[in-house]
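Read through the structure below, which is laid out as structure tokens, and then see the notes.
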Amino acid sequence: MNYELYEVWGVDDEFHEELLETTASRKEAEEIAEASLGLGYFQTVIYRENEDGELDEVDRFEQG
């Protein structure tokens, strides 16, 4: 069975990254990323796990 896994990371004003959520839905990942802006994070990043288990950046959201 083949499925995609998305990780949503938040970046604070000191550039510390924190894993916010993991989901199988890109739409849900985008909603989480957008909702997390301004909640202590000035930037959120969505990564998708590739076939080798590495994370590829899918999208980036910034406050402002």
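Each chain of the structure tokens is named A, B, ... in the order shown, its residues numbered from 1; ligands are numbered from 1 in display order.
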Find the residues around segment 9-18 of chain A up to 12 Å (only C-alpha atoms counted), leave out those fewer than 3 positions away in its own chain, and share them as JSON, numbers by chain.
-> {"A": [6, 21, 22, 23, 29, 30, 32, 33, 34, 35, 36, 37, 38, 39, 40, 41, 42, 43, 44, 45, 46, 47, 48, 55, 57, 58, 59, 60, 61, 62, 63]}
With N, CA, C and O atoms retained, write the just-selected residues as a short mmCIF file (atom, residue, chain, number, x, y, z; two decimals), in the first residue's frame.
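Dumped to selection19.cif:
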data_model
loop_
_atom_site.label_atom_id
_atom_site.label_comp_id
_atom_site.auth_asym_id
_atom_site.auth_seq_id
_atom_site.Cartn_x
_atom_site.Cartn_y
_atom_site.Cartn_z
N TYR A 6 2.61 13.81 5.33
CA TYR A 6 3.01 15.21 5.38
C TYR A 6 3.32 15.61 6.81
O TYR A 6 2.62 15.21 7.73
N GLU A 21 2.43 18.86 13.42
CA GLU A 21 1.46 17.81 13.11
C GLU A 21 1.98 16.95 11.97
O GLU A 21 2.75 17.39 11.13
N THR A 22 1.53 15.71 11.97
CA THR A 22 1.77 14.78 10.87
C THR A 22 0.42 14.29 10.39
O THR A 22 -0.43 13.95 11.20
N THR A 23 0.23 14.28 9.07
CA THR A 23 -1.05 13.89 8.50
C THR A 23 -0.86 13.24 7.14
O THR A 23 0.16 13.46 6.48
N ALA A 29 -2.82 19.42 6.01
CA ALA A 29 -1.51 20.02 6.31
C ALA A 29 -1.51 21.50 6.00
O ALA A 29 -1.00 22.31 6.78
N GLU A 30 -2.11 21.89 4.87
CA GLU A 30 -2.18 23.31 4.50
C GLU A 30 -3.03 24.09 5.49
O GLU A 30 -2.68 25.21 5.87
N ILE A 32 -3.55 23.37 8.68
CA ILE A 32 -2.79 23.47 9.93
C ILE A 32 -1.70 24.53 9.80
O ILE A 32 -1.50 25.34 10.70
N ALA A 33 -1.00 24.52 8.68
CA ALA A 33 0.08 25.48 8.46
C ALA A 33 -0.44 26.91 8.48
O ALA A 33 0.15 27.79 9.13
N GLU A 34 -1.54 27.16 7.78
CA GLU A 34 -2.11 28.51 7.75
C GLU A 34 -2.64 28.94 9.11
O GLU A 34 -2.46 30.08 9.53
N ALA A 35 -3.30 28.03 9.83
CA ALA A 35 -3.87 28.35 11.14
C ALA A 35 -2.79 28.60 12.20
O ALA A 35 -3.03 29.30 13.18
N SER A 36 -1.60 28.04 12.01
CA SER A 36 -0.53 28.15 13.00
C SER A 36 0.25 29.46 12.90
O SER A 36 0.96 29.83 13.83
N LEU A 37 0.11 30.15 11.77
CA LEU A 37 0.80 31.44 11.63
C LEU A 37 0.25 32.41 12.66
O LEU A 37 -0.95 32.51 12.86
N GLY A 38 1.15 33.11 13.32
CA GLY A 38 0.72 34.07 14.34
C GLY A 38 0.53 33.47 15.71
O GLY A 38 0.33 34.18 16.68
N LEU A 39 0.58 32.16 15.82
CA LEU A 39 0.45 31.50 17.13
C LEU A 39 1.83 31.16 17.67
O LEU A 39 2.09 30.06 18.13
N GLY A 40 2.74 32.12 17.57
CA GLY A 40 4.11 31.91 18.01
C GLY A 40 5.03 31.52 16.87
O GLY A 40 6.22 31.35 17.07
N TYR A 41 4.48 31.39 15.67
CA TYR A 41 5.27 31.01 14.50
C TYR A 41 5.10 32.06 13.42
O TYR A 41 3.99 32.44 13.09
N PHE A 42 6.23 32.54 12.86
CA PHE A 42 6.13 33.51 11.78
C PHE A 42 6.17 32.81 10.43
O PHE A 42 5.86 33.40 9.40
N GLN A 43 6.51 31.52 10.45
CA GLN A 43 6.61 30.75 9.22
C GLN A 43 6.24 29.30 9.51
O GLN A 43 6.55 28.79 10.59
N THR A 44 5.57 28.66 8.56
CA THR A 44 5.29 27.23 8.67
C THR A 44 5.71 26.57 7.36
O THR A 44 5.64 27.20 6.29
N VAL A 45 6.16 25.33 7.46
CA VAL A 45 6.66 24.60 6.30
C VAL A 45 6.01 23.23 6.27
O VAL A 45 5.90 22.56 7.29
N ILE A 46 5.57 22.82 5.07
CA ILE A 46 5.01 21.49 4.88
C ILE A 46 6.03 20.66 4.12
O ILE A 46 6.54 21.08 3.08
N TYR A 47 6.32 19.49 4.66
CA TYR A 47 7.22 18.53 4.01
C TYR A 47 6.44 17.27 3.68
O TYR A 47 5.52 16.88 4.41
N ARG A 48 6.82 16.60 2.60
CA ARG A 48 6.25 15.31 2.23
C ARG A 48 7.38 14.28 2.26
O ARG A 48 8.48 14.52 1.77
N LEU A 55 12.57 13.92 3.66
CA LEU A 55 11.51 14.94 3.59
C LEU A 55 11.82 15.95 2.49
O LEU A 55 12.92 16.49 2.42
N GLU A 57 10.42 19.56 0.77
CA GLU A 57 9.55 20.70 1.04
C GLU A 57 8.47 20.79 -0.03
O GLU A 57 8.76 20.75 -1.22
N VAL A 58 7.22 20.93 0.42
CA VAL A 58 6.08 21.04 -0.48
C VAL A 58 5.60 22.48 -0.57
O VAL A 58 5.31 22.99 -1.65
N ASP A 59 5.52 23.16 0.57
CA ASP A 59 5.00 24.52 0.60
C ASP A 59 5.52 25.23 1.84
O ASP A 59 5.88 24.59 2.83
N ARG A 60 5.51 26.56 1.76
CA ARG A 60 5.99 27.39 2.88
C ARG A 60 5.02 28.57 3.01
O ARG A 60 4.67 29.20 2.02
N PHE A 61 4.61 28.86 4.23
CA PHE A 61 3.70 29.96 4.51
C PHE A 61 4.40 30.93 5.44
O PHE A 61 5.09 30.50 6.37
N GLU A 62 4.23 32.24 5.20
CA GLU A 62 4.84 33.25 6.05
C GLU A 62 3.79 34.25 6.50
O GLU A 62 2.86 34.56 5.75
N GLN A 63 3.97 34.71 7.72
CA GLN A 63 3.04 35.68 8.28
C GLN A 63 3.27 37.03 7.60
O GLN A 63 4.40 37.43 7.35
#
Taking the DSSP assignment computed from this structure's backbone, write out as a ChimeraX atom specification all residues of segment 2-62 of chain A that belong to helix (DSSP H, G or I).
-> /A:26-36
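If you look at atom CA of Asn50 of chain A and atom CA of Leu5 of chain A, they are 8.4 Å away from each other.
The shortest atom-to-atom distance to Glu31 of chain A, with only C-alpha atoms taken into account, belongs to A:Val8 out of A:Glu49, A:Val8, A:Asp56, A:Leu19.
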Mind the document's chain letters and residue numbers, and return as number ranges by chain the residues of chain A that DSSP labels strand (DSSP E).
-> A: 6-11, 17-23, 43-49, 55-62
